[in-house]
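Below is the file model_13.pdb, which contains PDB, C-alpha atoms.
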ATOM      1  CA  MET C 159     -49.621 -15.483 -54.874
ATOM      2  CA  LEU C 160     -52.428 -14.629 -52.460
ATOM      3  CA  LYS C 161     -49.915 -13.677 -49.743
ATOM      4  CA  THR C 162     -48.220 -11.269 -52.161
ATOM      5  CA  ILE C 163     -51.524  -9.664 -53.107
ATOM      6  CA  VAL C 164     -52.514  -9.270 -49.456
ATOM      7  CA  ALA C 165     -49.116  -7.767 -48.540
ATOM      8  CA  LEU C 166     -49.271  -5.266 -51.398
ATOM      9  CA  TYR C 167     -52.841  -4.354 -50.505
ATOM     10  CA  PHE C 168     -51.939  -3.529 -46.917
ATOM     11  CA  PHE C 169     -48.876  -1.553 -48.008
ATOM     12  CA  VAL C 170     -50.983   0.603 -50.294
ATOM     13  CA  SER C 171     -53.629   0.972 -47.578
ATOM     14  CA  PHE C 172     -51.091   2.226 -45.051
ATOM     15  CA  THR C 173     -49.337   4.629 -47.422
ATOM     16  CA  ASN C 174     -52.630   6.123 -48.550
ATOM     17  CA  GLY C 175     -53.682   6.876 -45.000
ATOM     18  CA  LEU C 176     -56.723   4.650 -45.051
ATOM     19  CA  PHE C 177     -56.623   4.372 -41.270
ATOM     20  CA  SER C 178     -58.635   7.599 -41.236
ATOM     21  CA  SER C 179     -61.704   5.407 -41.671
ATOM     22  CA  PHE C 180     -61.389   4.524 -37.976
ATOM     23  CA  SER C 181     -63.063   7.809 -37.168
ATOM     24  CA  THR C 182     -66.208   6.715 -38.966
ATOM     25  CA  SER C 183     -66.416   3.250 -37.390
ATOM     26  CA  PRO C 184     -69.700   2.498 -35.609
ATOM     27  CA  GLU C 185     -69.494   2.663 -31.837
ATOM     28  CA  TYR C 186     -68.782  -0.552 -30.009
ATOM     29  CA  ARG C 187     -68.920  -0.754 -26.251
ATOM     30  CA  HIS C 188     -69.436  -3.245 -23.469
ATOM     31  CA  GLU C 189     -72.653  -2.955 -21.538
ATOM     32  CA  ASP C 190     -72.236  -1.890 -17.911
ATOM     33  CA  ARG C 191     -74.724  -4.218 -16.255
ATOM     34  CA  GLU C 192     -75.315  -6.510 -13.322
ATOM     35  CA  LEU C 193     -74.770 -10.236 -13.681
ATOM     36  CA  THR C 194     -77.813 -12.369 -14.473
ATOM     37  CA  GLY C 195     -78.871 -15.176 -12.149
ATOM     38  CA  LEU C 196     -77.421 -17.746 -14.547
ATOM     39  CA  GLU C 197     -74.112 -15.880 -14.710
ATOM     40  CA  LYS C 198     -73.889 -15.622 -10.907
ATOM     41  CA  GLN C 199     -74.669 -19.320 -10.527
ATOM     42  CA  THR C 200     -72.028 -20.243 -13.108
ATOM     43  CA  ILE C 201     -69.375 -18.080 -11.444
ATOM     44  CA  SER C 202     -70.067 -19.830  -8.128
ATOM     45  CA  LEU C 203     -69.610 -23.229  -9.783
ATOM     46  CA  LEU C 204     -66.415 -22.147 -11.506
ATOM     47  CA  GLU C 205     -64.991 -20.558  -8.353
ATOM     48  CA  ARG C 206     -65.365 -23.847  -6.502
ATOM     49  CA  LYS C 207     -63.769 -25.862  -9.288
ATOM     50  CA  PHE C 208     -61.005 -23.388 -10.191
ATOM     51  CA  SER C 209     -60.040 -21.894  -6.846
ATOM     52  CA  TYR C 210     -56.452 -21.195  -7.951
ATOM     53  CA  GLN C 211     -54.909 -18.536 -10.182
ATOM     54  CA  LEU C 212     -56.622 -18.289 -13.564
ATOM     55  CA  LEU C 213     -53.938 -16.314 -15.371
ATOM     56  CA  ASP C 214     -51.107 -18.799 -15.036
ATOM     57  CA  ARG C 215     -48.043 -18.971 -17.245
ATOM     58  CA  GLU C 216     -49.547 -20.619 -20.343
ATOM     59  CA  LEU C 217     -53.194 -19.749 -19.605
ATOM     60  CA  LYS C 218     -53.631 -23.459 -18.953
ATOM     61  CA  THR C 219     -56.190 -23.011 -16.183
ATOM     62  CA  LEU C 220     -58.250 -20.588 -18.251
ATOM     63  CA  ARG C 221     -58.286 -23.074 -21.129
ATOM     64  CA  GLU C 222     -59.361 -25.859 -18.781
ATOM     65  CA  LEU C 223     -62.127 -23.622 -17.473
ATOM     66  CA  SER C 224     -63.372 -22.844 -20.984
ATOM     67  CA  ASP C 225     -63.685 -26.548 -21.802
ATOM     68  CA  SER C 226     -65.134 -27.570 -18.440
ATOM     69  CA  ASP C 227     -68.583 -29.169 -18.315
ATOM     70  CA  GLU C 228     -69.799 -26.350 -16.087
ATOM     71  CA  TYR C 229     -68.858 -23.665 -18.598
ATOM     72  CA  VAL C 230     -69.939 -25.518 -21.746
ATOM     73  CA  ASN C 231     -73.317 -26.273 -20.121
ATOM     74  CA  PHE C 232     -73.576 -22.586 -19.264
ATOM     75  CA  LEU C 233     -73.110 -21.694 -22.939
ATOM     76  CA  SER C 234     -76.037 -23.925 -23.887
ATOM     77  CA  LYS C 235     -78.234 -22.095 -21.377
ATOM     78  CA  LYS C 236     -76.968 -18.624 -22.274
ATOM     79  CA  TYR C 237     -77.540 -19.196 -26.001
ATOM     80  CA  PRO C 238     -80.505 -21.615 -26.166
ATOM     81  CA  GLU C 239     -81.146 -20.924 -29.860
ATOM     82  CA  GLN C 240     -77.648 -22.149 -30.688
ATOM     83  CA  ALA C 241     -77.652 -25.052 -28.179
ATOM     84  CA  PRO C 242     -76.445 -27.628 -27.510
ATOM     85  CA  PHE C 243     -72.781 -26.706 -27.114
ATOM     86  CA  THR C 244     -70.437 -29.674 -26.806
ATOM     87  CA  THR C 245     -67.109 -27.791 -26.712
ATOM     88  CA  PHE C 246     -66.018 -24.225 -26.110
ATOM     89  CA  GLN C 247     -64.887 -24.055 -29.744
ATOM     90  CA  ASP C 248     -68.568 -24.133 -30.729
ATOM     91  CA  CYS C 249     -68.763 -20.580 -29.423
ATOM     92  CA  PHE C 250     -66.743 -19.211 -32.342
ATOM     93  CA  TYR C 251     -68.983 -20.809 -34.937
ATOM     94  CA  ARG C 252     -72.406 -20.500 -33.321
ATOM     95  CA  VAL C 253     -72.717 -17.383 -31.186
ATOM     96  CA  PRO C 254     -73.963 -14.481 -33.303
ATOM     97  CA  PRO C 255     -72.076 -11.167 -33.095
ATOM     98  CA  PRO C 256     -73.849  -7.834 -32.425
ATOM     99  CA  LYS C 257     -75.817  -7.907 -35.673
ATOM    100  CA  GLU C 258     -76.660  -4.202 -35.792
ATOM    101  CA  LEU C 259     -72.977  -3.280 -35.614
ATOM    102  CA  TYR C 260     -71.972  -5.524 -38.506
ATOM    103  CA  PHE C 261     -75.027  -4.658 -40.541
ATOM    104  CA  ASP C 262     -74.386  -0.916 -40.338
ATOM    105  CA  ALA C 263     -70.593  -1.125 -40.741
ATOM    106  CA  PHE C 264     -70.478  -3.667 -43.524
ATOM    107  CA  PHE C 265     -73.623  -5.098 -45.050
ATOM    108  CA  LYS C 266     -75.494  -1.832 -45.467
ATOM    109  CA  LYS C 267     -72.516   0.405 -46.142
ATOM    110  CA  GLN C 268     -70.457  -1.888 -48.334
ATOM    111  CA  LEU C 269     -72.934  -4.309 -49.893
ATOM    112  CA  ASP C 270     -76.021  -2.081 -50.027
ATOM    113  CA  VAL C 271     -78.185  -4.579 -48.152
ATOM    114  CA  GLN C 272     -81.342  -2.753 -47.139
ATOM    115  CA  THR C 273     -82.633  -4.651 -44.103
ATOM    116  CA  ILE C 274     -80.952  -6.695 -41.408
ATOM    117  CA  GLU C 275     -83.411  -9.529 -42.072
ATOM    118  CA  ASP C 276     -81.793  -9.958 -45.492
ATOM    119  CA  VAL C 277     -78.554 -11.113 -43.863
ATOM    120  CA  GLY C 278     -78.276 -14.762 -42.843
ATOM    121  CA  ASP C 279     -76.586 -16.052 -39.691
ATOM    122  CA  ASP C 280     -73.859 -17.668 -41.806
ATOM    123  CA  GLU C 281     -73.113 -14.290 -43.352
ATOM    124  CA  PHE C 282     -72.862 -12.623 -39.945
ATOM    125  CA  PHE C 283     -70.469 -15.393 -38.932
ATOM    126  CA  ILE C 284     -68.240 -14.693 -41.941
ATOM    127  CA  ALA C 285     -68.204 -10.958 -41.162
ATOM    128  CA  TYR C 286     -67.362 -11.569 -37.517
ATOM    129  CA  ALA C 287     -64.695 -14.184 -38.294
ATOM    130  CA  TYR C 288     -62.994 -11.819 -40.742
ATOM    131  CA  MET C 289     -62.935  -9.063 -38.125
ATOM    132  CA  ALA C 290     -61.707 -11.451 -35.420
ATOM    133  CA  ALA C 291     -58.753 -12.508 -37.576
ATOM    134  CA  TYR C 292     -57.503  -8.915 -37.590
ATOM    135  CA  TRP C 293     -58.389  -8.403 -33.933
ATOM    136  CA  ALA C 294     -55.997 -11.265 -33.184
ATOM    137  CA  MET C 295     -53.296  -9.931 -35.495
ATOM    138  CA  GLY C 296     -53.148  -6.546 -33.805
ATOM    139  CA  ALA C 297     -53.352  -8.059 -30.309
ATOM    140  CA  TYR C 298     -50.606 -10.693 -30.601
ATOM    141  CA  GLU C 299     -48.256  -8.231 -32.300
ATOM    142  CA  ARG C 300     -48.702  -5.690 -29.522
ATOM    143  CA  GLY C 301     -48.361  -8.399 -26.870
ATOM    144  CA  GLY C 302     -45.194  -9.773 -28.471
ATOM    145  CA  ASP C 303     -46.671 -13.242 -28.935
ATOM    146  CA  GLN C 304     -46.191 -15.708 -31.749
ATOM    147  CA  SER C 305     -48.807 -15.728 -34.473
ATOM    148  CA  PRO C 306     -51.638 -18.158 -33.650
ATOM    149  CA  ILE C 307     -51.247 -19.521 -37.158
ATOM    150  CA  GLN C 308     -47.691 -20.660 -36.404
ATOM    151  CA  ARG C 309     -48.369 -21.623 -32.806
ATOM    152  CA  LEU C 310     -51.481 -23.681 -33.477
ATOM    153  CA  ASN C 311     -50.354 -24.867 -36.920
ATOM    154  CA  ASN C 312     -53.652 -24.146 -38.613
ATOM    155  CA  TYR C 313     -55.157 -21.581 -40.941
ATOM    156  CA  TYR C 314     -58.846 -21.941 -40.256
ATOM    157  CA  ARG C 315     -59.209 -18.472 -38.732
ATOM    158  CA  ILE C 316     -57.312 -16.427 -41.308
ATOM    159  CA  GLY C 317     -59.668 -13.965 -42.970
ATOM    160  CA  GLN C 318     -58.870 -15.024 -46.529
ATOM    161  CA  TYR C 319     -58.997 -18.719 -45.613
ATOM    162  CA  ILE C 320     -62.444 -18.279 -44.085
ATOM    163  CA  LEU C 321     -63.650 -16.718 -47.316
ATOM    164  CA  ALA C 322     -62.085 -19.131 -49.788
ATOM    165  CA  LYS C 323     -61.968 -22.453 -47.957
ATOM    166  CA  THR C 324     -65.141 -22.719 -45.893
ATOM    167  CA  PRO C 325     -68.593 -23.543 -47.304
ATOM    168  CA  GLU C 326     -69.990 -20.411 -45.642
ATOM    169  CA  GLY C 327     -67.273 -18.232 -47.138
ATOM    170  CA  ARG C 328     -67.610 -19.607 -50.651
ATOM    171  CA  LYS C 329     -71.372 -19.201 -50.490
ATOM    172  CA  PHE C 330     -70.949 -15.624 -49.271
ATOM    173  CA  LEU C 331     -68.592 -14.676 -52.106
ATOM    174  CA  TYR C 332     -70.853 -16.167 -54.744
ATOM    175  CA  HIS C 333     -74.101 -14.792 -53.317
ATOM    176  CA  ARG C 334     -72.902 -11.254 -52.544
ATOM    177  CA  LEU C 335     -70.140 -10.701 -55.119
ATOM    178  CA  GLY C 336     -70.769 -13.299 -57.813
ATOM    179  CA  ILE C 337     -67.279 -14.736 -57.244
ATOM    180  CA  ASP C 338     -66.370 -18.416 -57.350
ATOM    181  CA  PRO C 339     -63.195 -18.730 -55.199
ATOM    182  CA  THR C 340     -62.458 -22.187 -56.605
ATOM    183  CA  THR C 341     -61.587 -20.795 -60.042
ATOM    184  CA  LYS C 342     -58.030 -20.091 -61.170
ATOM    185  CA  HIS C 343     -58.281 -16.308 -61.318
ATOM    186  CA  VAL C 344     -59.896 -15.025 -58.125
ATOM    187  CA  PRO C 345     -60.198 -11.194 -57.937
ATOM    188  CA  TRP C 346     -58.578 -10.910 -54.510
ATOM    189  CA  LEU C 347     -58.058  -7.165 -54.709
ATOM    190  CA  LEU C 348     -61.804  -6.716 -55.179
ATOM    191  CA  ILE C 349     -62.490  -9.077 -52.268
ATOM    192  CA  LEU C 350     -60.005  -7.320 -49.981
ATOM    193  CA  ASP C 351     -61.430  -3.941 -50.892
ATOM    194  CA  THR C 352     -64.968  -5.148 -50.212
ATOM    195  CA  PHE C 353     -64.076  -6.533 -46.780
ATOM    196  CA  GLU C 354     -61.913  -3.558 -45.806
ATOM    197  CA  PRO C 355     -64.450  -2.053 -43.323
ATOM    198  CA  LEU C 356     -64.200  -5.223 -41.228
ATOM    199  CA  LEU C 357     -60.435  -4.880 -41.056
ATOM    200  CA  TRP C 358     -60.794  -1.318 -39.763
ATOM    201  CA  LEU C 359     -63.544  -2.368 -37.363
ATOM    202  CA  ALA C 360     -61.131  -4.676 -35.544
ATOM    203  CA  THR C 361     -59.203  -1.820 -33.933
ATOM    204  CA  PRO C 362     -62.034   0.023 -32.130
ATOM    205  CA  ILE C 363     -63.414  -3.337 -30.991
ATOM    206  CA  ARG C 364     -60.011  -4.422 -29.693
ATOM    207  CA  GLU C 365     -59.483  -1.098 -27.914
ATOM    208  CA  ALA C 366     -62.931  -1.230 -26.298
ATOM    209  CA  ASP C 367     -62.287  -4.807 -25.202
ATOM    210  CA  GLY C 368     -59.025  -3.768 -23.567
ATOM    211  CA  ARG C 369     -60.639  -0.886 -21.687
ATOM    212  CA  TRP C 370     -63.407  -3.157 -20.420
ATOM    213  CA  ILE C 371     -61.033  -5.875 -19.252
ATOM    214  CA  LYS C 372     -58.909  -3.339 -17.377
ATOM    215  CA  SER C 373     -62.015  -1.948 -15.710
ATOM    216  CA  LEU C 374     -62.990  -5.462 -14.572
ATOM    217  CA  PHE C 375     -59.503  -6.094 -13.213
ATOM    218  CA  ASP C 376     -59.447  -2.751 -11.408
ATOM    219  CA  LYS C 377     -62.819  -3.383  -9.797
ATOM    220  CA  TYR C 378     -62.716  -7.127  -9.041
ATOM    221  CA  GLY C 379     -59.110  -8.277  -9.424
ATOM    222  CA  GLN C 380     -57.734 -10.509 -12.168
ATOM    223  CA  ASP C 381     -59.322 -13.831 -11.222
ATOM    224  CA  ALA C 382     -62.804 -12.520 -10.423
ATOM    225  CA  GLY C 383     -62.557 -10.161 -13.387
ATOM    226  CA  MET C 384     -61.751 -13.014 -15.765
ATOM    227  CA  LEU C 385     -64.713 -14.999 -14.445
ATOM    228  CA  ARG C 386     -67.020 -12.061 -15.114
ATOM    229  CA  LEU C 387     -65.541 -11.688 -18.592
ATOM    230  CA  ALA C 388     -66.079 -15.397 -19.272
ATOM    231  CA  VAL C 389     -69.775 -15.345 -18.419
ATOM    232  CA  GLN C 390     -70.601 -11.922 -19.854
ATOM    233  CA  ASP C 391     -68.696 -12.164 -23.142
ATOM    234  CA  PRO C 392     -67.708 -15.718 -24.175
ATOM    235  CA  MET C 393     -66.758 -14.479 -27.651
ATOM    236  CA  LEU C 394     -64.124 -12.198 -26.145
ATOM    237  CA  LEU C 395     -62.793 -15.095 -24.071
ATOM    238  CA  ASP C 396     -62.513 -17.086 -27.297
ATOM    239  CA  ARG C 397     -60.542 -14.280 -28.965
ATOM    240  CA  ILE C 398     -58.170 -14.090 -25.986
ATOM    241  CA  LEU C 399     -57.494 -17.825 -25.817
ATOM    242  CA  TYR C 400     -57.013 -18.039 -29.573
ATOM    243  CA  THR C 401     -54.678 -15.037 -29.711
ATOM    244  CA  PHE C 402     -52.398 -15.443 -26.695
ATOM    245  CA  SER C 403     -50.188 -18.295 -25.532
ATOM    246  CA  THR C 404     -49.059 -16.846 -22.171
ATOM    247  CA  ASP C 405     -50.262 -14.562 -19.414
ATOM    248  CA  THR C 406     -47.260 -12.316 -20.119
ATOM    249  CA  THR C 407     -48.216 -11.553 -23.716
ATOM    250  CA  PHE C 408     -51.876 -11.142 -22.783
ATOM    251  CA  LEU C 409     -51.073  -8.646 -20.020
ATOM    252  CA  LYS C 410     -48.544  -6.834 -22.198
ATOM    253  CA  TRP C 411     -51.228  -6.301 -24.811
ATOM    254  CA  LEU C 412     -53.565  -5.088 -22.104
ATOM    255  CA  TYR C 413     -51.210  -2.706 -20.309
ATOM    256  CA  ASP C 414     -48.467  -1.792 -22.769
ATOM    257  CA  PRO C 415     -48.587   2.022 -23.015
ATOM    258  CA  ILE C 416     -47.411   1.904 -26.627
ATOM    259  CA  ASP C 417     -50.436   2.268 -28.900
ATOM    260  CA  VAL C 418     -49.378   0.146 -31.853
ATOM    261  CA  ASP C 419     -52.502   0.949 -33.845
ATOM    262  CA  GLY C 420     -52.153   4.650 -33.103
ATOM    263  CA  THR C 421     -48.562   4.561 -34.337
ATOM    264  CA  LEU C 422     -49.680   2.935 -37.579
ATOM    265  CA  ARG C 423     -52.386   5.554 -38.067
ATOM    266  CA  LYS C 424     -49.781   8.317 -37.924
ATOM    267  CA  ARG C 425     -47.667   6.827 -40.718
TER     268      ARG C 425
END

Here is the file; what I need is its structure written in the form of structure tokens.
Amino acid sequence: MLKTIVALYFFVSFTNGLFSSFSTSPEYRHEDRELTGLEKQTISLLERKFSYQLLDRELKTLRELSDSDEYVNFLSKKYPEQAPFTTFQDCFYRVPPPKELYFDAFFKKQLDVQTIEDVGDDEFFIAYAYMAAYWAMGAYERGGDQSPIQRLNNYYRIGQYILAKTPEGRKFLYHRLGIDPTTKHVPWLLILDTFEPLLWLATPIREADGRWIKSLFDKYGQDAGMLRLAVQDPMLLDRILYTFSTDTTFLKWLYDPIDVDGTLRKR
């Protein structure tokens, strides 16, 4: 039933031209900066341990790097307020997104929250996780990959699952919308409409991510560029490793001249 509601919602959204809301999305960009001392030190450690090609066929080396002691220890030092990190997967749940971006695009605009201090870390996590689910959807489709849901045989990062099945999501729905998702009749159309700005936010974030990665590759090469990406933006590394199963689909997403999202906006 929920799948049918979601499918109908997106059909209506596309036919009504709701992609025009992209033009009003808050700006998202990667900071052009020098590496910190910690980041330089970590890259040196990782270069010695992973001296071979990082973007191999199944991204196996990159996954090993993300779960290495050197990198996980780096995460604890980079984000001391969220430490200790025991696995790379902790990054998805613990690292806060750019709070100002999500506050302006969603909490203030859609929920009429007046100050950023009124939004808890768990709520920022829910907003980010919802966006990241649609970031992945657009990226794997453009790259020609299999859905992470099918490939990994889990649902824990689907936007609707995060809302209805996690303690943070259920608390969010009850606190902000007065909805109990455990009841028989859940107003999913209202929920989807409320969270719509986060769906639209995924595209400008994904496009900015792609431009930044290409700039790193152009300047440093693929291996050194991926190392810089890993230390500067672990959340982006998490999105990449969750979304893609091969180097081919990752690079197709990155370099395919067909703008899938642009094509959808024209419909």

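The smallest atom-to-atom distance between Tyr313 of chain C and any of C:Ala366, C:Leu203, C:Ala291, C:Ile349, using all atoms listed in the file, is found for C:Ala291.
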
Could you expand the PyMOL selection byres ((chain C and resi 246) around 12) into the explicit residues it covers here, written as an MDAnalysis selection string? chainID C and resid 220:234 241:245 247:253 388 392:393 395:397 399:400

How would the residues just picked look written out with C-alpha atoms as a PDB file, keeping the file's coordinate frame?
ATOM      1  CA  LEU C 220     -58.250 -20.588 -18.251  1.00  0.00           C
ATOM      2  CA  ARG C 221     -58.286 -23.074 -21.129  1.00  0.00           C
ATOM      3  CA  GLU C 222     -59.361 -25.859 -18.781  1.00  0.00           C
ATOM      4  CA  LEU C 223     -62.127 -23.622 -17.473  1.00  0.00           C
ATOM      5  CA  SER C 224     -63.372 -22.844 -20.984  1.00  0.00           C
ATOM      6  CA  ASP C 225     -63.685 -26.548 -21.802  1.00  0.00           C
ATOM      7  CA  SER C 226     -65.134 -27.570 -18.440  1.00  0.00           C
ATOM      8  CA  ASP C 227     -68.583 -29.169 -18.315  1.00  0.00           C
ATOM      9  CA  GLU C 228     -69.799 -26.350 -16.087  1.00  0.00           C
ATOM     10  CA  TYR C 229     -68.858 -23.665 -18.598  1.00  0.00           C
ATOM     11  CA  VAL C 230     -69.939 -25.518 -21.746  1.00  0.00           C
ATOM     12  CA  ASN C 231     -73.317 -26.273 -20.121  1.00  0.00           C
ATOM     13  CA  PHE C 232     -73.576 -22.586 -19.264  1.00  0.00           C
ATOM     14  CA  LEU C 233     -73.110 -21.694 -22.939  1.00  0.00           C
ATOM     15  CA  SER C 234     -76.037 -23.925 -23.887  1.00  0.00           C
ATOM     16  CA  ALA C 241     -77.652 -25.052 -28.179  1.00  0.00           C
ATOM     17  CA  PRO C 242     -76.445 -27.628 -27.510  1.00  0.00           C
ATOM     18  CA  PHE C 243     -72.781 -26.706 -27.114  1.00  0.00           C
ATOM     19  CA  THR C 244     -70.437 -29.674 -26.806  1.00  0.00           C
ATOM     20  CA  THR C 245     -67.109 -27.791 -26.712  1.00  0.00           C
ATOM     21  CA  GLN C 247     -64.887 -24.055 -29.744  1.00  0.00           C
ATOM     22  CA  ASP C 248     -68.568 -24.133 -30.729  1.00  0.00           C
ATOM     23  CA  CYS C 249     -68.763 -20.580 -29.423  1.00  0.00           C
ATOM     24  CA  PHE C 250     -66.743 -19.211 -32.342  1.00  0.00           C
ATOM     25  CA  TYR C 251     -68.983 -20.809 -34.937  1.00  0.00           C
ATOM     26  CA  ARG C 252     -72.406 -20.500 -33.321  1.00  0.00           C
ATOM     27  CA  VAL C 253     -72.717 -17.383 -31.186  1.00  0.00           C
ATOM     28  CA  ALA C 388     -66.079 -15.397 -19.272  1.00  0.00           C
ATOM     29  CA  PRO C 392     -67.708 -15.718 -24.175  1.00  0.00           C
ATOM     30  CA  MET C 393     -66.758 -14.479 -27.651  1.00  0.00           C
ATOM     31  CA  LEU C 395     -62.793 -15.095 -24.071  1.00  0.00           C
ATOM     32  CA  ASP C 396     -62.513 -17.086 -27.297  1.00  0.00           C
ATOM     33  CA  ARG C 397     -60.542 -14.280 -28.965  1.00  0.00           C
ATOM     34  CA  LEU C 399     -57.494 -17.825 -25.817  1.00  0.00           C
ATOM     35  CA  TYR C 400     -57.013 -18.039 -29.573  1.00  0.00           C
TER      36      TYR C 400
END

The PyMOL selection byres ((chain C and resi 412) around 12) applied to the shown file, residues as a ChimeraX atom specification: /C:296-302,364-373,375,398,402,405-411,413-418

Can you list, as JSON, numbers by chain, every protein, DNA or RNA residue that comes within 8 Å of Phe330 of chain C when you count only C-alpha atoms, leaving out same-chain residues fewer than 3 positions away? {"C": [281, 284, 321, 326, 327, 333, 334, 335]}

To box segment 299-303 of chain C, take all atoms listed in the file, fit an axis-aligned box, add 4 Å on each side, and give centre and edge lengths in Å to one decimal, as AutoDock Vina command-line options.
--center_x -46.9 --center_y -9.5 --center_z -29.6 --size_x 11.5 --size_y 15.6 --size_z 13.4

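Counting all atoms listed in the file, the residue from C:Leu387, C:Ala360, C:Leu217, C:Leu204 that sits nearest to Glu189 of chain C is C:Leu387.
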
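Going from atom CA of Asp190 of chain C to atom CA of Asp381 of chain C covers 18.8 Å.
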
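Counting all atoms listed in the file, Arg315 of chain C has the following residues at most 8 Å away, ignoring those fewer than 5 positions along the same chain: Ala287, Tyr288, Ala291 and Ile320 of chain C.
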
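Restricting the calculation to all atoms listed in the file, the smallest distance between Gln308 of chain C and any of C:Phe264, C:Gln390, C:Ser403, C:Leu347 is found for C:Ser403.
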
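Atom pair atom CA of Lys236 of chain C / atom CA of Glu197 of chain C: separated by 8.5 Å.
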
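In this structure, atom CA of Thr361 of chain C sits 14.0 Å away from atom CA of Leu259 of chain C.
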
Please list as a PDB file with C-alpha atoms, keeping the file's coordinate frame every residue within 12 Å of Thr273 of chain C, counting all atoms listed in the file and excluding residues in the same chain fewer than 3 positions away.
ATOM      1  CA  LYS C 257     -75.817  -7.907 -35.673  1.00  0.00           C
ATOM      2  CA  GLU C 258     -76.660  -4.202 -35.792  1.00  0.00           C
ATOM      3  CA  PHE C 261     -75.027  -4.658 -40.541  1.00  0.00           C
ATOM      4  CA  ASP C 262     -74.386  -0.916 -40.338  1.00  0.00           C
ATOM      5  CA  PHE C 265     -73.623  -5.098 -45.050  1.00  0.00           C
ATOM      6  CA  LYS C 266     -75.494  -1.832 -45.467  1.00  0.00           C
ATOM      7  CA  LYS C 267     -72.516   0.405 -46.142  1.00  0.00           C
ATOM      8  CA  LEU C 269     -72.934  -4.309 -49.893  1.00  0.00           C
ATOM      9  CA  ASP C 270     -76.021  -2.081 -50.027  1.00  0.00           C
ATOM     10  CA  ASP C 276     -81.793  -9.958 -45.492  1.00  0.00           C
ATOM     11  CA  VAL C 277     -78.554 -11.113 -43.863  1.00  0.00           C
ATOM     12  CA  GLY C 278     -78.276 -14.762 -42.843  1.00  0.00           C
TER      13      GLY C 278
END

Identify, on the basis of all atoms listed in the file, every residue whose closest approach to Pro256 of chain C does not exceed 10 Å; exclude the query and any residue fewer than 5 positions from it along the same chain; express the result as a ChimeraX atom specification. /C:186,261,282,286
